[in-house]
file start_18.txt (compact mmCIF, C-alpha atoms (C1' of nucleotides))
# COMPACT_ATOMS: atom_id res chain seq x y z
CA MET G 620 8.26 74.32 122.95
CA LYS G 621 7.85 73.31 126.58
CA LYS G 622 4.67 74.12 128.44
CA GLY G 623 6.37 76.64 130.71
CA GLN G 624 7.57 78.73 127.80
CA GLU G 625 4.13 78.81 126.26
CA THR G 626 2.60 80.03 129.50
CA LYS G 627 5.30 82.64 129.88
CA ILE G 628 4.44 84.11 126.50
CA VAL G 629 0.77 84.28 127.44
CA ILE G 630 1.77 86.10 130.62
CA LEU G 631 4.07 88.52 128.83
CA GLU G 632 1.48 89.23 126.17
CA ALA G 633 -1.14 90.10 128.78
CA GLY G 634 1.46 91.97 130.82
CA LEU G 635 2.44 94.08 127.84
CA ASP G 636 -1.19 94.94 127.27
CA MET G 637 -1.71 95.91 130.88
CA ALA G 638 1.51 97.91 130.95
CA GLY G 639 0.37 99.89 127.92
CA GLN G 640 -2.86 100.83 129.65
CA LEU G 641 -1.84 101.31 133.27
CA GLY G 642 1.93 101.64 133.14
CA LEU G 643 4.53 99.02 133.95
CA GLU G 644 4.49 99.87 137.64
CA CYS G 645 0.77 99.15 137.93
CA VAL G 646 1.03 95.68 136.45
CA SER G 647 0.23 93.68 139.56
CA ILE G 648 0.80 89.96 139.80
CA GLY G 649 -2.65 89.35 141.20
CA SER G 650 -4.57 91.24 138.53
CA LEU G 651 -2.41 89.81 135.77
CA ALA G 652 -3.07 86.30 137.08
CA LYS G 653 -6.79 87.00 137.08
CA VAL G 654 -6.72 88.16 133.46
CA ILE G 655 -5.12 85.00 132.19
CA LYS G 656 -7.00 82.82 134.66
CA MET G 657 -4.15 81.32 136.58
CA SER G 658 -3.06 81.47 140.20
CA LYS G 659 -0.94 84.27 141.60
CA SER G 660 1.66 81.83 142.88
CA GLY G 661 1.76 79.92 139.60
CA LEU G 662 2.45 83.12 137.71
CA PHE G 663 4.94 84.34 140.27
CA ALA G 664 6.97 81.14 139.96
CA HIS G 665 7.89 82.13 136.42
CA PHE G 666 9.65 85.30 137.49
CA GLN G 667 10.71 85.08 141.16
CA SER G 668 10.03 88.78 141.63
CA LYS G 669 7.88 91.55 140.29
CA GLU G 670 10.92 93.42 139.07
CA ASN G 671 11.95 90.45 136.94
CA LEU G 672 8.46 90.31 135.49
CA GLN G 673 8.67 93.97 134.54
CA VAL G 674 12.08 93.53 132.94
CA GLU G 675 10.85 90.54 130.98
CA ILE G 676 7.79 92.43 129.77
CA LEU G 677 10.05 95.24 128.61
CA ASN G 678 12.38 92.85 126.81
CA TYR G 679 9.43 91.07 125.25
CA ALA G 680 8.17 94.42 123.98
CA GLY G 681 11.65 95.13 122.64
CA ARG G 682 11.68 91.91 120.66
CA LEU G 683 8.25 92.63 119.18
CA PHE G 684 9.33 96.17 118.36
CA SER G 685 12.40 94.95 116.50
CA GLU G 686 10.41 92.42 114.55
CA SER G 687 7.53 94.64 113.55
CA VAL G 688 9.10 98.10 113.32
CA ILE G 689 12.86 98.03 112.87
CA LEU G 690 13.70 94.92 110.88
CA PRO G 691 11.04 95.36 108.17
CA SER G 692 12.20 98.90 107.52
CA LEU G 693 15.81 97.77 107.19
CA LYS G 694 14.70 95.61 104.29
CA THR G 695 13.61 98.62 102.27
CA LYS G 696 16.04 100.78 100.34
CA ALA G 697 18.20 103.03 102.51
CA GLY G 698 17.36 106.71 102.58
CA ILE G 699 14.14 108.66 102.83
CA ALA G 700 12.04 105.69 101.73
CA ARG G 701 13.38 103.69 104.66
CA ILE G 702 12.71 106.51 107.08
CA LYS G 703 9.13 106.82 105.88
CA THR G 704 8.67 103.08 106.22
CA LEU G 705 10.09 103.21 109.71
CA VAL G 706 7.69 105.94 110.73
CA ASP G 707 4.77 104.08 109.18
CA ASN G 708 5.73 100.90 111.00
CA TRP G 709 6.09 102.79 114.24
CA ILE G 710 2.65 104.31 113.86
CA ASN G 711 1.14 100.95 113.05
CA TRP G 712 2.81 99.50 116.12
CA SER G 713 1.57 102.36 118.20
CA SER G 714 -1.97 102.19 116.83
CA ALA G 715 -2.28 98.44 117.36
CA LEU G 716 -1.69 98.78 121.08
CA THR G 717 -4.69 98.84 123.39
CA GLY G 718 -3.26 101.57 125.56
CA GLY G 719 -0.15 103.58 124.85
CA CYS G 720 3.32 102.55 123.80
CA ILE G 721 5.08 100.87 126.69
CA PHE G 722 8.37 102.61 125.88
CA VAL G 723 6.78 106.03 126.01
CA SER G 724 5.03 105.40 129.31
CA ALA G 725 8.00 103.61 130.87
CA SER G 726 10.26 106.51 129.87
CA THR G 727 8.37 108.83 132.15
CA GLU G 728 7.70 106.22 134.84
CA TYR G 729 11.34 105.29 135.27
CA SER G 730 13.11 108.57 134.71
CA ASP G 731 13.55 108.78 138.47
CA ARG G 732 13.03 105.25 139.75
CA PRO G 733 16.28 103.36 140.17
CA GLY G 734 16.51 99.62 139.59
CA LYS G 735 16.80 96.90 136.97
CA VAL G 736 13.79 98.13 135.03
CA ARG G 737 15.27 101.57 134.56
CA GLN G 738 18.61 100.12 133.47
CA CYS G 739 16.91 97.87 130.96
CA LEU G 740 14.86 100.74 129.60
CA LEU G 741 17.87 103.01 129.33
CA LYS G 742 19.74 100.48 127.25
CA GLN G 743 16.75 99.99 124.96
CA GLN G 744 16.29 103.71 124.47
CA ASN G 745 19.94 104.33 123.70
CA ASP G 746 19.89 101.43 121.25
CA TRP G 747 16.82 102.91 119.60
CA ILE G 748 18.49 106.28 119.24
CA ASP G 749 21.59 104.63 117.79
CA CYS G 750 19.33 102.86 115.35
CA LEU G 751 17.84 106.17 114.22
CA ASP G 752 21.36 107.52 113.92
CA ARG G 753 22.43 104.67 111.65
CA ILE G 754 19.36 105.08 109.49
CA ALA G 755 20.30 108.72 108.99
CA GLN G 756 23.84 107.70 108.12
CA ALA G 757 22.47 105.30 105.54
CA ALA G 758 20.39 108.14 104.13
CA ILE G 759 23.57 110.17 103.71
CA SER G 760 25.31 107.29 101.96
CA ALA G 761 22.30 106.84 99.71
CA GLY G 762 22.52 110.50 98.75
CA ASP G 763 19.12 111.43 100.20
CA PHE G 764 20.61 113.50 103.03
CA ARG G 765 23.32 116.14 102.82
CA LYS G 766 26.79 114.93 103.79
CA ASP G 767 27.04 117.33 106.72
CA VAL G 768 23.85 116.16 108.44
CA ASP G 769 24.12 115.69 112.20
CA CYS G 770 22.70 112.22 112.62
CA GLN G 771 22.24 112.47 116.38
CA GLN G 772 20.25 115.62 115.77
CA PHE G 773 18.12 113.71 113.29
CA ALA G 774 17.46 111.08 115.95
CA PHE G 775 16.39 113.75 118.41
CA ASP G 776 14.15 115.44 115.86
CA LEU G 777 12.44 112.27 114.71
CA TYR G 778 11.98 110.88 118.19
CA SER G 779 10.49 114.19 119.35
CA LEU G 780 8.07 114.09 116.47
CA MET G 781 6.97 110.60 117.40
CA LEU G 782 6.45 111.60 121.02
CA GLY G 783 4.27 114.46 119.88
CA PHE G 784 2.33 112.11 117.66
CA HIS G 785 1.83 109.69 120.51
CA LEU G 786 0.48 112.39 122.82
CA TYR G 787 -1.91 113.81 120.24
CA PHE G 788 -3.04 110.38 119.16
CA LYS G 789 -3.39 108.57 122.47
CA LEU G 790 -4.30 111.18 125.06
CA LEU G 791 -5.84 113.99 123.06
CA ASN G 792 -7.42 111.80 120.41
CA ASN G 793 -6.87 114.70 118.04
CA SER G 794 -8.39 113.99 114.65
CA GLU G 795 -5.70 115.90 112.80
CA THR G 796 -2.83 113.98 114.35
CA LYS G 797 -1.79 112.11 111.20
CA LYS G 798 -1.87 115.29 109.17
CA ARG G 799 0.26 117.08 111.78
CA LYS G 800 2.74 114.24 111.78
CA GLU G 801 2.91 114.17 107.99
CA ILE G 802 3.57 117.90 107.72
CA ALA G 803 6.19 117.82 110.45
CA LEU G 804 7.92 114.80 108.92
CA ASN G 805 8.11 116.34 105.46
CA ARG G 806 9.46 119.56 106.88
CA LEU G 807 12.01 117.58 108.85
CA LEU G 808 13.16 115.59 105.84
CA ASN G 809 13.33 118.69 103.65
CA ASN G 810 15.69 120.28 106.11
CA TYR G 811 18.10 117.39 105.87
CA ARG G 812 17.81 116.90 102.13
CA MET U 940 -4.90 132.51 155.43
CA LYS U 941 -6.62 129.86 157.54
CA LYS U 942 -4.66 126.97 158.98
CA GLY U 943 -6.35 124.42 156.74
CA GLN U 944 -5.32 126.23 153.57
CA GLU U 945 -1.72 126.41 154.73
CA THR U 946 -1.65 122.69 155.41
CA LYS U 947 -3.25 121.98 152.07
CA ILE U 948 -0.50 123.84 150.27
CA VAL U 949 2.14 121.86 152.13
CA ILE U 950 0.36 118.67 151.08
CA LEU U 951 0.02 119.74 147.46
CA GLU U 952 3.64 120.84 147.30
CA ALA U 953 4.84 117.47 148.58
CA GLY U 954 2.29 115.68 146.40
CA LEU U 955 3.53 117.47 143.32
CA ASP U 956 7.04 116.46 144.15
CA MET U 957 6.07 112.84 144.63
CA ALA U 958 3.98 112.82 141.47
CA GLY U 959 6.95 114.08 139.48
CA GLN U 960 9.09 111.23 140.71
CA LEU U 961 6.69 108.30 140.89
CA GLY U 962 3.73 109.41 138.81
CA LEU U 963 0.40 110.74 139.99
CA GLU U 964 -1.04 107.26 140.39
CA CYS U 965 1.68 106.23 142.83
CA VAL U 966 1.11 109.16 145.16
CA SER U 967 -0.33 107.28 148.12
CA ILE U 968 -2.02 108.98 151.02
CA GLY U 969 0.01 107.03 153.56
CA SER U 970 3.42 107.80 152.11
CA LEU U 971 2.49 111.42 151.49
CA ALA U 972 1.36 111.77 155.10
CA LYS U 973 4.64 110.31 156.27
CA VAL U 974 6.66 112.79 154.21
CA ILE U 975 4.96 115.82 155.70
CA LYS U 976 4.69 114.22 159.13
CA MET U 977 0.97 114.17 159.63
CA SER U 978 -1.58 111.41 160.04
CA LYS U 979 -3.13 109.59 157.12
CA SER U 980 -6.63 110.46 158.28
CA GLY U 981 -5.74 114.09 158.88
CA LEU U 982 -4.45 114.40 155.36
CA PHE U 983 -7.34 112.45 153.93
CA ALA U 984 -9.87 114.80 155.52
CA HIS U 985 -8.67 117.58 153.22
CA PHE U 986 -9.65 115.75 150.07
CA GLN U 987 -12.33 113.12 150.85
CA SER U 988 -10.89 110.83 148.20
CA LYS U 989 -7.63 109.99 146.52
CA GLU U 990 -9.01 111.04 143.17
CA ASN U 991 -9.74 114.51 144.53
CA LEU U 992 -6.21 114.70 145.86
CA GLN U 993 -4.84 113.85 142.43
CA VAL U 994 -7.03 116.42 140.72
CA GLU U 995 -5.99 119.08 143.21
CA ILE U 996 -2.32 118.26 142.72
CA LEU U 997 -2.80 118.60 138.99
CA ASN U 998 -4.60 121.92 139.35
CA TYR U 999 -1.96 123.15 141.76
CA ALA U 1000 0.68 122.28 139.19
CA GLY U 1001 -1.36 124.09 136.59
CA ARG U 1002 -1.43 127.26 138.67
CA LEU U 1003 2.32 127.11 139.24
CA PHE U 1004 2.87 126.49 135.54
CA SER U 1005 0.82 129.52 134.58
CA GLU U 1006 2.64 131.71 137.06
CA SER U 1007 6.17 130.66 136.23
CA VAL U 1008 6.00 129.72 132.56
CA ILE U 1009 3.06 131.25 130.72
CA LEU U 1010 2.36 134.61 132.35
CA PRO U 1011 5.98 135.87 132.40
CA SER U 1012 6.36 135.12 128.72
CA LEU U 1013 3.17 136.99 127.88
CA LYS U 1014 4.81 140.07 129.35
CA THR U 1015 7.57 140.05 126.75
CA LYS U 1016 7.09 141.39 123.25
CA ALA U 1017 4.94 139.19 121.01
CA GLY U 1018 6.71 137.18 118.35
CA ILE U 1019 9.86 135.10 118.30
CA ALA U 1020 11.21 136.76 121.42
CA ARG U 1021 8.13 135.66 123.34
CA ILE U 1022 8.43 132.12 122.02
CA LYS U 1023 12.04 131.90 123.07
CA THR U 1024 11.15 133.22 126.51
CA LEU U 1025 8.38 130.67 126.78
CA VAL U 1026 10.73 127.83 125.91
CA ASP U 1027 13.31 129.10 128.36
CA ASN U 1028 10.72 129.34 131.10
CA TRP U 1029 9.46 125.88 130.33
CA ILE U 1030 12.96 124.47 130.55
CA ASN U 1031 13.59 126.24 133.83
CA TRP U 1032 10.32 124.85 135.16
CA SER U 1033 11.25 121.41 133.98
CA SER U 1034 14.77 121.58 135.37
CA ALA U 1035 13.67 122.78 138.78
CA LEU U 1036 11.54 119.68 139.34
CA THR U 1037 12.95 116.83 141.38
CA GLY U 1038 11.57 114.17 139.06
CA GLY U 1039 9.95 114.78 135.72
CA CYS U 1040 7.23 117.18 134.64
CA ILE U 1041 3.90 116.08 136.07
CA PHE U 1042 2.08 116.95 132.85
CA VAL U 1043 4.37 114.78 130.78
CA SER U 1044 4.08 111.79 133.08
CA ALA U 1045 0.35 112.22 133.63
CA SER U 1046 -0.18 112.40 129.88
CA THR U 1047 1.01 108.84 129.50
CA GLU U 1048 -0.48 107.61 132.76
CA TYR U 1049 -3.98 108.79 131.97
CA SER U 1050 -4.20 108.26 128.23
CA ASP U 1051 -6.26 105.18 128.95
CA ARG U 1052 -7.50 105.59 132.51
CA PRO U 1053 -10.97 107.10 132.70
CA GLY U 1054 -12.01 109.39 135.54
CA LYS U 1055 -11.85 112.91 136.88
CA VAL U 1056 -8.06 113.06 136.71
CA ARG U 1057 -8.04 112.30 133.02
CA GLN U 1058 -10.73 114.89 132.35
CA CYS U 1059 -8.81 117.50 134.29
CA LEU U 1060 -5.60 116.68 132.45
CA LEU U 1061 -7.31 116.76 129.06
CA LYS U 1062 -8.64 120.23 129.70
CA GLN U 1063 -5.23 121.44 130.83
CA GLN U 1064 -3.51 120.00 127.80
CA ASN U 1065 -5.99 121.45 125.36
CA ASP U 1066 -5.69 124.82 127.08
CA TRP U 1067 -1.92 124.58 126.79
CA ILE U 1068 -2.13 123.82 123.09
CA ASP U 1069 -4.51 126.73 122.60
CA CYS U 1070 -2.02 128.90 124.43
CA LEU U 1071 0.72 127.87 122.01
CA ASP U 1072 -1.66 128.54 119.15
CA ARG U 1073 -2.34 132.09 120.37
CA ILE U 1074 1.35 132.76 120.82
CA ALA U 1075 1.88 131.78 117.20
CA GLN U 1076 -0.98 134.04 116.14
CA ALA U 1077 0.65 136.89 118.02
CA ALA U 1078 3.89 136.13 116.19
CA ILE U 1079 2.05 136.50 112.90
CA SER U 1080 0.55 139.80 113.98
CA ALA U 1081 3.97 140.98 115.08
CA GLY U 1082 5.33 140.18 111.65
CA ASP U 1083 7.75 137.50 112.88
CA PHE U 1084 5.81 134.63 111.30
CA ARG U 1085 4.44 134.41 107.78
CA LYS U 1086 0.74 135.20 107.47
CA ASP U 1087 -0.12 131.70 106.20
CA VAL U 1088 1.39 129.88 109.17
CA ASP U 1089 -0.72 127.02 110.55
CA CYS U 1090 -0.78 127.86 114.25
CA GLN U 1091 -2.08 124.48 115.35
CA GLN U 1092 0.81 122.91 113.46
CA PHE U 1093 3.16 125.23 115.32
CA ALA U 1094 1.69 124.03 118.61
CA PHE U 1095 2.22 120.42 117.60
CA ASP U 1096 5.79 121.09 116.49
CA LEU U 1097 6.79 123.01 119.59
CA TYR U 1098 5.14 120.61 122.00
CA SER U 1099 6.83 117.66 120.28
CA LEU U 1100 10.16 119.39 120.64
CA MET U 1101 9.59 119.89 124.34
CA LEU U 1102 8.63 116.26 124.82
CA GLY U 1103 11.84 115.23 123.11
CA PHE U 1104 13.78 117.58 125.32
CA HIS U 1105 12.13 116.16 128.41
CA LEU U 1106 13.01 112.59 127.47
CA TYR U 1107 16.62 113.37 126.64
CA PHE U 1108 17.02 115.51 129.71
CA LYS U 1109 15.23 113.48 132.37
CA LEU U 1110 15.56 109.85 131.38
CA LEU U 1111 18.62 109.75 129.17
CA ASN U 1112 20.52 112.50 130.95
CA ASN U 1113 22.01 113.30 127.58
CA SER U 1114 24.68 115.99 127.87
CA GLU U 1115 23.86 117.47 124.47
CA THR U 1116 20.18 117.92 125.20
CA LYS U 1117 20.22 121.72 125.33
CA LYS U 1118 22.19 121.93 122.11
CA ARG U 1119 19.74 119.57 120.40
CA LYS U 1120 16.81 121.63 121.62
CA GLU U 1121 18.44 124.87 120.46
CA ILE U 1122 19.12 123.56 116.97
CA ALA U 1123 15.64 122.11 116.63
CA LEU U 1124 14.02 125.31 117.88
CA ASN U 1125 15.93 127.52 115.49
CA ARG U 1126 15.11 125.26 112.58
CA LEU U 1127 11.47 125.31 113.63
CA LEU U 1128 11.32 129.09 113.87
CA ASN U 1129 13.12 129.52 110.55
CA ASN U 1130 10.49 127.44 108.84
CA TYR U 1131 7.75 129.71 110.07
CA ARG U 1132 9.58 132.94 109.52
C1' DG Y 575 2.74 52.83 132.11
C1' DA Y 576 6.17 54.17 135.64
C1' DC Y 577 8.59 57.98 137.57
C1' DA Y 578 11.13 62.06 137.92
C1' DA Y 579 10.82 66.91 136.58
C1' DA Y 580 8.29 70.82 135.75
C1' DA Y 581 4.36 73.57 136.39
C1' DA Y 582 0.38 75.23 138.68
C1' DC Y 583 -2.23 75.67 142.84
C1' DG Y 584 -4.11 77.24 147.49
C1' DA Y 585 -3.34 79.17 151.72
C1' DA Y 586 -1.03 82.21 154.51
C1' DC Y 587 2.45 85.85 155.74
C1' DG Y 588 3.20 90.83 156.92
C1' DT Y 589 2.44 95.27 154.78
C1' DT Y 590 0.15 98.88 152.52
C1' DC Y 591 -3.72 100.55 150.15
C1' DG Y 592 -8.06 103.89 150.37
C1' DT Y 593 -11.70 104.95 153.28
C1' DA Y 594 -14.85 105.45 157.47
C1' DC Y 595 -15.74 106.70 162.06
C1' DT Y 596 -14.99 108.68 166.51
C1' DA Y 597 -12.38 111.44 169.55
C1' DT Y 598 -9.12 114.98 170.75
C1' DA Y 599 -6.53 119.39 169.67
C1' DT Y 600 -6.21 123.59 167.69
C1' DT Y 601 -8.00 127.67 165.74
C1' DG Y 602 -10.78 131.80 164.89
C1' DT Y 603 -14.73 134.67 166.57
C1' DG Y 604 -18.03 136.89 169.67
C1' DC P 231 -12.46 133.82 178.16
C1' DA P 232 -15.94 131.00 176.13
C1' DC P 233 -17.57 128.37 172.64
C1' DA P 234 -18.28 126.84 168.13
C1' DA P 235 -15.87 125.68 164.05
C1' DT P 236 -12.16 123.71 162.06
C1' DA P 237 -8.36 120.67 161.84
C1' DT P 238 -5.73 116.72 163.17
C1' DA P 239 -5.15 112.24 165.29
C1' DG P 240 -6.29 107.45 166.30
C1' DT P 241 -8.21 103.20 165.27
C1' DA P 242 -10.32 99.96 162.46
C1' DC P 243 -12.06 97.93 158.11
C1' DG P 244 -11.68 94.92 153.94
C1' DA P 245 -9.07 94.45 149.93
C1' DA P 246 -4.93 94.08 147.40
C1' DC P 247 -0.01 94.06 147.40
C1' DG P 248 4.50 90.94 146.69
C1' DT P 249 6.27 86.88 148.48
C1' DT P 250 6.88 82.15 150.70
C1' DC P 251 5.66 77.53 151.40
C1' DG P 252 4.03 72.84 150.93
C1' DT P 253 1.03 70.21 148.02
C1' DT P 254 -1.05 68.64 143.93
C1' DT P 255 -1.43 68.29 139.11
C1' DT P 256 0.48 68.08 134.64
C1' DT P 257 4.16 67.14 131.53
C1' DG P 258 7.96 64.81 129.14
C1' DT P 259 11.09 60.76 129.02
C1' DC P 260 12.59 56.01 129.48
call {"tool": "encode", "arguments": {"input": "start_18.txt", "output": "structure tokens"}}
result
Amino acid sequence: MKKGQETKIVILEAGLDMAGQLGLECVSIGSLAKVIKMSKSGLFAHFQSKENLQVEILNYAGRLFSESVILPSLKTKAGIARIKTLVDNWINWSSALTGGCIFVSASTEYSDRPGKVRQCLLKQQNDWIDCLDRIAQAAISAGDFRKDVDCQQFAFDLYSLMLGFHLYFKLLNNSETKKRKEIALNRLLNNYR
Amino acid sequence: MKKGQETKIVILEAGLDMAGQLGLECVSIGSLAKVIKMSKSGLFAHFQSKENLQVEILNYAGRLFSESVILPSLKTKAGIARIKTLVDNWINWSSALTGGCIFVSASTEYSDRPGKVRQCLLKQQNDWIDCLDRIAQAAISAGDFRKDVDCQQFAFDLYSLMLGFHLYFKLLNNSETKKRKEIALNRLLNNYR
DNA sequence: GACAAAAACGAACGTTCGTACTATATTGTG
DNA sequence: CACAATATAGTACGAACGTTCGTTTTTGTC
């Protein structure tokens, strides 16, 4: 790999970290440069604009998310087992982050802020929901879910649950968060069984 | 009311609006002053610091939330009817906002940002969860919920549902959001009945 | 090792940030 | 109406913002 690509990854890694703590909008080029000990202008040259930097951080996060959350779960048997793996992977992903999940914070940051970043985020979120939909479909095919299950409703339900988990875990630091999540998940799955 | 108090309300109103769109951290004194057509220093004098301004915006939002969401629902009969009223009020509150709900956005913004604002938000959120808990307790007393219902679990479940609604409604602009919410709410209530 | 290409730097631009201070208007009270 | 209290404006500050530019250093290739 060329030197430039290596540096870019270092930048994106640090940028992802900062975005998780402060939000994508508060990732400043100057502070990010300071963290990784390079010059503002040197960092800037990699992206040409702050907006591009933000989009690249988001896409970098998307790639990591696919690798560590989605793809591993698709390797397990379709159905409830896969769903539980997915949730576990998501929680591990979420827990490993210094701050919060960049997708969760960006979703509120960019709900009313037009631009490339919002567009990028919207696509990612719709893809994610489609992914949840397909996993529910696979659960129907596997016989774990009833045939008449509304897969888009499943996506809504599961995503809501994860958002609740994230709030309780990250902001509230509630000690019973995992228990709450487990109960809610089992209830959810039972309703679709 | 004294002149200063009137001005303060104008500021907080505009600040709340801006916070809903850009996030509480991006409410700048300069831009806020421009919106309400007064000087930066004149506005600043009301709060002595940006942090105080943010805290006051959050508390102002809290007062509005109590008035328009919580208190009206406490006037209706305890039980499932009250819960449905609460959810309706919350959705009306959420829909009326220009951007997103300040509590939702602040919850991600301040999950990892120490200071007075975070402390204020934490108290509000815990109060809100306690409120949901008490509403569930009242539903038990009214005979709408089973006696063995875990009220803290109810709070988690309902709050999660609202977070999902907020995401689908504000960011994704999903046309089926209200239907999704309705189905999820009914399923939730049935499980506690 | 030479030499072009790529990468990183340092300085500066105009703007905005939060905050401080002083001065002028406006308000409420006797 | 007078006069103090309150409220708003004006100006200035140092720092940080995103961005541009020309220069220097590092890298990869022949």
call {"tool": "interface_residues", "arguments": {"input": "start_18.txt", "of": "chain P", "to": "chain G", "cutoff": "10 Å", "atoms": "only C-alpha atoms (C1' of nucleotides)", "output": "list in words"}}
result
DA246, DC247, DG248, DT249, DT250, DT256, DT257 and DG258 of chain P
call {"tool": "closest_atom_pairs", "arguments": {"input": "start_18.txt", "of": "chain Y", "to": "chain G", "cutoff": "7 Å", "atoms": "only C-alpha atoms (C1' of nucleotides)", "output": "CSV"}}
result
residue,atom,partner,partner_atom,distance
Y:DA581,C1',G:Gly623,CA,6.8
Y:DA582,C1',G:Gly661,CA,5.0
Y:DC583,C1',G:Ser658,CA,6.4
call {"tool": "interface_residues", "arguments": {"input": "start_18.txt", "of": "chain G", "to": "chain U", "cutoff": "9 Å", "atoms": "only C-alpha atoms", "output": "PyMOL selection string"}}
result
chain G and resi 639-642+644-645+717-720+723-732+737+741+744-745+771-772+775-784+786-787+789-791+796+799-800+802-803+806+810
call {"tool": "residues_near_point", "arguments": {"input": "start_18.txt", "point": "(13.4, 103.3, 99.7)", "cutoff": "12 Å", "atoms": "all atoms listed in the file", "output": "count of residues only"}}
result
21
call {"tool": "residues_around", "arguments": {"input": "start_18.txt", "residues": "DT601 in chain Y", "least_positions_apart": "5", "cutoff": "12 Å", "atoms": "only C-alpha atoms (C1' of nucleotides)", "output": "list in words"}}
result
Met940, Lys941, Lys942 and Gly943 of chain U; DC233, DA234, DA235, DT236, DA237 and DT238 of chain P
call {"tool": "write_last_selection", "arguments": {"input": "start_18.txt", "atoms": "C-alpha atoms (C1' of nucleotides)", "output": "mmCIF file, in the coordinates of the input"}}
result
data_model
loop_
_atom_site.group_PDB
_atom_site.id
_atom_site.type_symbol
_atom_site.label_atom_id
_atom_site.label_comp_id
_atom_site.auth_asym_id
_atom_site.auth_seq_id
_atom_site.Cartn_x
_atom_site.Cartn_y
_atom_site.Cartn_z
ATOM 1 C CA MET U 940 -4.900 132.510 155.430
ATOM 2 C CA LYS U 941 -6.620 129.860 157.540
ATOM 3 C CA LYS U 942 -4.660 126.970 158.980
ATOM 4 C CA GLY U 943 -6.350 124.420 156.740
ATOM 5 C "C1'" DC P 233 -17.570 128.370 172.640
ATOM 6 C "C1'" DA P 234 -18.280 126.840 168.130
ATOM 7 C "C1'" DA P 235 -15.870 125.680 164.050
ATOM 8 C "C1'" DT P 236 -12.160 123.710 162.060
ATOM 9 C "C1'" DA P 237 -8.360 120.670 161.840
ATOM 10 C "C1'" DT P 238 -5.730 116.720 163.170
#
call {"tool": "atom_distance", "arguments": {"input": "start_18.txt", "atom1": "CA of Trp747 in chain G", "atom2": "CA of Tyr811 in chain G"}}
result
20.0 Å
call {"tool": "atom_distance", "arguments": {"input": "start_18.txt", "atom1": "CA of Phe1004 in chain U", "atom2": "CA of Trp1032 in chain U"}}
result
7.6 Å
call {"tool": "axis_aligned_box", "arguments": {"input": "start_18.txt", "around": "range 717-720 of chain G", "padding_each_side": "5 Å", "output": "AutoDock Vina command-line options"}}
result
--center_x -0.7 --center_y 101.2 --center_z 124.5 --size_x 18.0 --size_y 14.7 --size_z 12.2
call {"tool": "atom_distance", "arguments": {"input": "start_18.txt", "atom1": "CA of Lys735 in chain G", "atom2": "CA of Leu677 in chain G"}}
result
10.9 Å
call {"tool": "residues_around", "arguments": {"input": "start_18.txt", "residues": "DA242 in chain P", "least_positions_apart": "2", "cutoff": "12 Å", "atoms": "all atoms listed in the file", "output": "list in words"}}
result
Ser980 of chain U; DT593, DA594, DC595 and DT596 of chain Y; DG240 and DG244 of chain P
call {"tool": "residues_near_point", "arguments": {"input": "start_18.txt", "point": "(1.7, 107.7, 108.3)", "cutoff": "8 Å", "atoms": "all atoms listed in the file", "output": "PDB file with C-alpha atoms, in the frame of the given file"}}
result
ATOM      1  CA  LYS G 703       9.130 106.820 105.880  1.00  0.00           C
ATOM      2  CA  VAL G 706       7.690 105.940 110.730  1.00  0.00           C
ATOM      3  CA  ASP G 707       4.770 104.080 109.180  1.00  0.00           C
ATOM      4  CA  ILE G 710       2.650 104.310 113.860  1.00  0.00           C
ATOM      5  CA  LYS G 797      -1.790 112.110 111.200  1.00  0.00           C
ATOM      6  CA  LYS G 800       2.740 114.240 111.780  1.00  0.00           C
ATOM      7  CA  GLU G 801       2.910 114.170 107.990  1.00  0.00           C
TER       8      GLU G 801
END
call {"tool": "decode", "arguments": {"input": "start_18.txt", "residues": "range 586-604 of chain Y", "atoms": "C-alpha atoms (C1' of nucleotides)", "output": "tab-separated table (two decimals), in the first residue's frame"}}
result
chain	number	residue	atom	x	y	z
Y	586	DA	C1'	-1.43	33.26	6.01
Y	587	DC	C1'	-6.29	34.37	4.59
Y	588	DG	C1'	-10.95	35.98	6.14
Y	589	DT	C1'	-14.47	34.49	9.33
Y	590	DT	C1'	-16.52	33.00	13.45
Y	591	DC	C1'	-16.11	31.42	18.01
Y	592	DG	C1'	-16.84	32.65	23.30
Y	593	DT	C1'	-15.88	36.16	26.39
Y	594	DA	C1'	-14.64	40.80	28.56
Y	595	DC	C1'	-15.17	45.57	29.10
Y	596	DT	C1'	-17.15	50.07	28.60
Y	597	DA	C1'	-20.76	52.98	27.16
Y	598	DT	C1'	-25.42	54.08	25.86
Y	599	DA	C1'	-30.56	53.14	25.98
Y	600	DT	C1'	-34.41	51.62	28.10
Y	601	DT	C1'	-37.11	50.42	31.97
Y	602	DG	C1'	-39.34	50.46	36.51
Y	603	DT	C1'	-39.82	53.01	40.96
Y	604	DG	C1'	-40.03	56.78	44.30
